Amino acid sequence: MQGKIFHQTSWAKTTLGTPIELYKKSHSLEGYNEAPLLFIGGVHGDEPEGVRLAEEFLAWLLQQETEEPEKIRPWILIPCINPDGYSKKQRTNGNGVDLNRNFPCRDWSSEAKAPRYYPGPSPGSEVEVQALVKLIEDEKPQIIVHFHSWEPCVVYTGAPGKEAAETLATGTGYECREDIGYPTPGSLGQYGWLEHKIPVICIEEQENIDLNLVWPHFKQGLELLVKVK
């Protein structure tokens, strides 16, 4: 499963014109067509735990690809989809929109219980979401995993994602569940599952945890998920 790593320093741009990076493993074996695993950090800019996990996971992946590339499944990783929010330590993007309520799915709602959950003027109005929607449609990933922080749990949307969610929770002691406990209309999970039948897993690390602990918590589960069985 020898592959080549593509790094796009400006795969897409935010509403403010900030570049968004993307890394991708492309396989060179003829006839090899396993759909990739898609990993996304930084959906919410005030959750540095998710960006830290994506960055350290990426560093591990790049190291593995130099040592044993044949043992790693195809993958795509976006370290931070919301760099504008991340730089300002705010949940929303440069337009003040919660990207995880802006996806163009059938349950999108214009209502928000607080400004930090503002879903945008219309479904899929934000360029960050538009870029991710196109990526999902083009690449057809077999599973989507996004990294967040709130209270510790691993949440899956779509029953076929249960096994992968349980794998990701390996060694963490964190609860694995199918529902986060409140409605999330227009979220990535709802979009991936309702519109494409792609299971979506949301990793929730403990909010405000020591960032040095995030990768050690999830290293075992992420390794198990991406390594060829």
# chains A, B, ... in the order shown; residues from 1 in each chain; ligands from 1

$ residues_around --residues "region 209-223 of chain A" --least-positions-apart "2" --cutoff "9 Å" --atoms "only C-alpha atoms" --output "list in words"
Pro48, Glu49, Gly50, Arg52, Leu53, Ala54, Glu56, Phe57, Leu61, Ile72, Ser149, Ala164, Ala165, Glu166, Thr167, Leu168, Ala169, Thr170, Gly171, Thr172, Glu205, Gln206, Glu207, Leu225, Val226 and Lys227 of chain A

$ residues_around --residues "Glu34 (chain A)" --least-positions-apart "4" --cutoff "9 Å" --atoms "only C-alpha atoms" --output "PyMOL selection string"
chain A and resi 73-74+141-142

$ select_by_dssp --residues "region 18-114 of chain A" --states "strand (DSSP E)" --output "list of chain:residue names"
A:Pro19, A:Ile20, A:Glu21, A:Leu22, A:Tyr23, A:Lys24, A:Lys25, A:Ser26, A:His27, A:Leu37, A:Leu38, A:Phe39, A:Ile40, A:Trp75, A:Ile76, A:Leu77, A:Ile78

$ residues_around --residues "Gly45 (chain A)" --least-positions-apart "3" --cutoff "6 Å" --atoms "only C-alpha atoms" --output "list of chain:residue names"
A:Gly42, A:Gly85, A:Tyr86, A:Lys89, A:Gln90, A:Arg91

$ residues_around --residues "region 7-11 of chain A" --least-positions-apart "4" --cutoff "6 Å" --atoms "only C-alpha atoms" --output "list in words"
Pro19, Ile20, Glu21, Leu22 and Tyr23 of chain A

$ closest_residue --among "A:Val228, A:Ser26, A:Ser110, A:Val145" --to "Val43 (chain A)" --atoms "only C-alpha atoms"
A:Val145

$ atom_distance --atom1 "CA of Val129 (chain A)" --atom2 "CA of Ala114 (chain A)"
20.3 Å

$ select_by_dssp --residues "region 1-228 of chain A" --states "alpha helix (DSSP H)" --output "PyMOL selection string"
chain A and resi 48-67+83-88+127-139+162-168+188-190+196+214-226

$ closest_residue --among "A:Asn93, A:Phe6, A:Ser125, A:Gly120" --to "Ile78 (chain A)" --atoms "only C-alpha atoms"
A:Phe6

$ atom_distance --atom1 "CA of Ala35 (chain A)" --atom2 "CA of Ile144 (chain A)"
11.0 Å

$ atom_distance --atom1 "CA of Ser87 (chain A)" --atom2 "CA of Ser122 (chain A)"
24.8 Å

$ residues_around --residues "Glu195 (chain A)" --least-positions-apart "4" --cutoff "9 Å" --atoms "only C-alpha atoms" --output "list of chain:residue names"
A:Pro104, A:Cys105, A:Arg106, A:Gln190, A:Tyr191
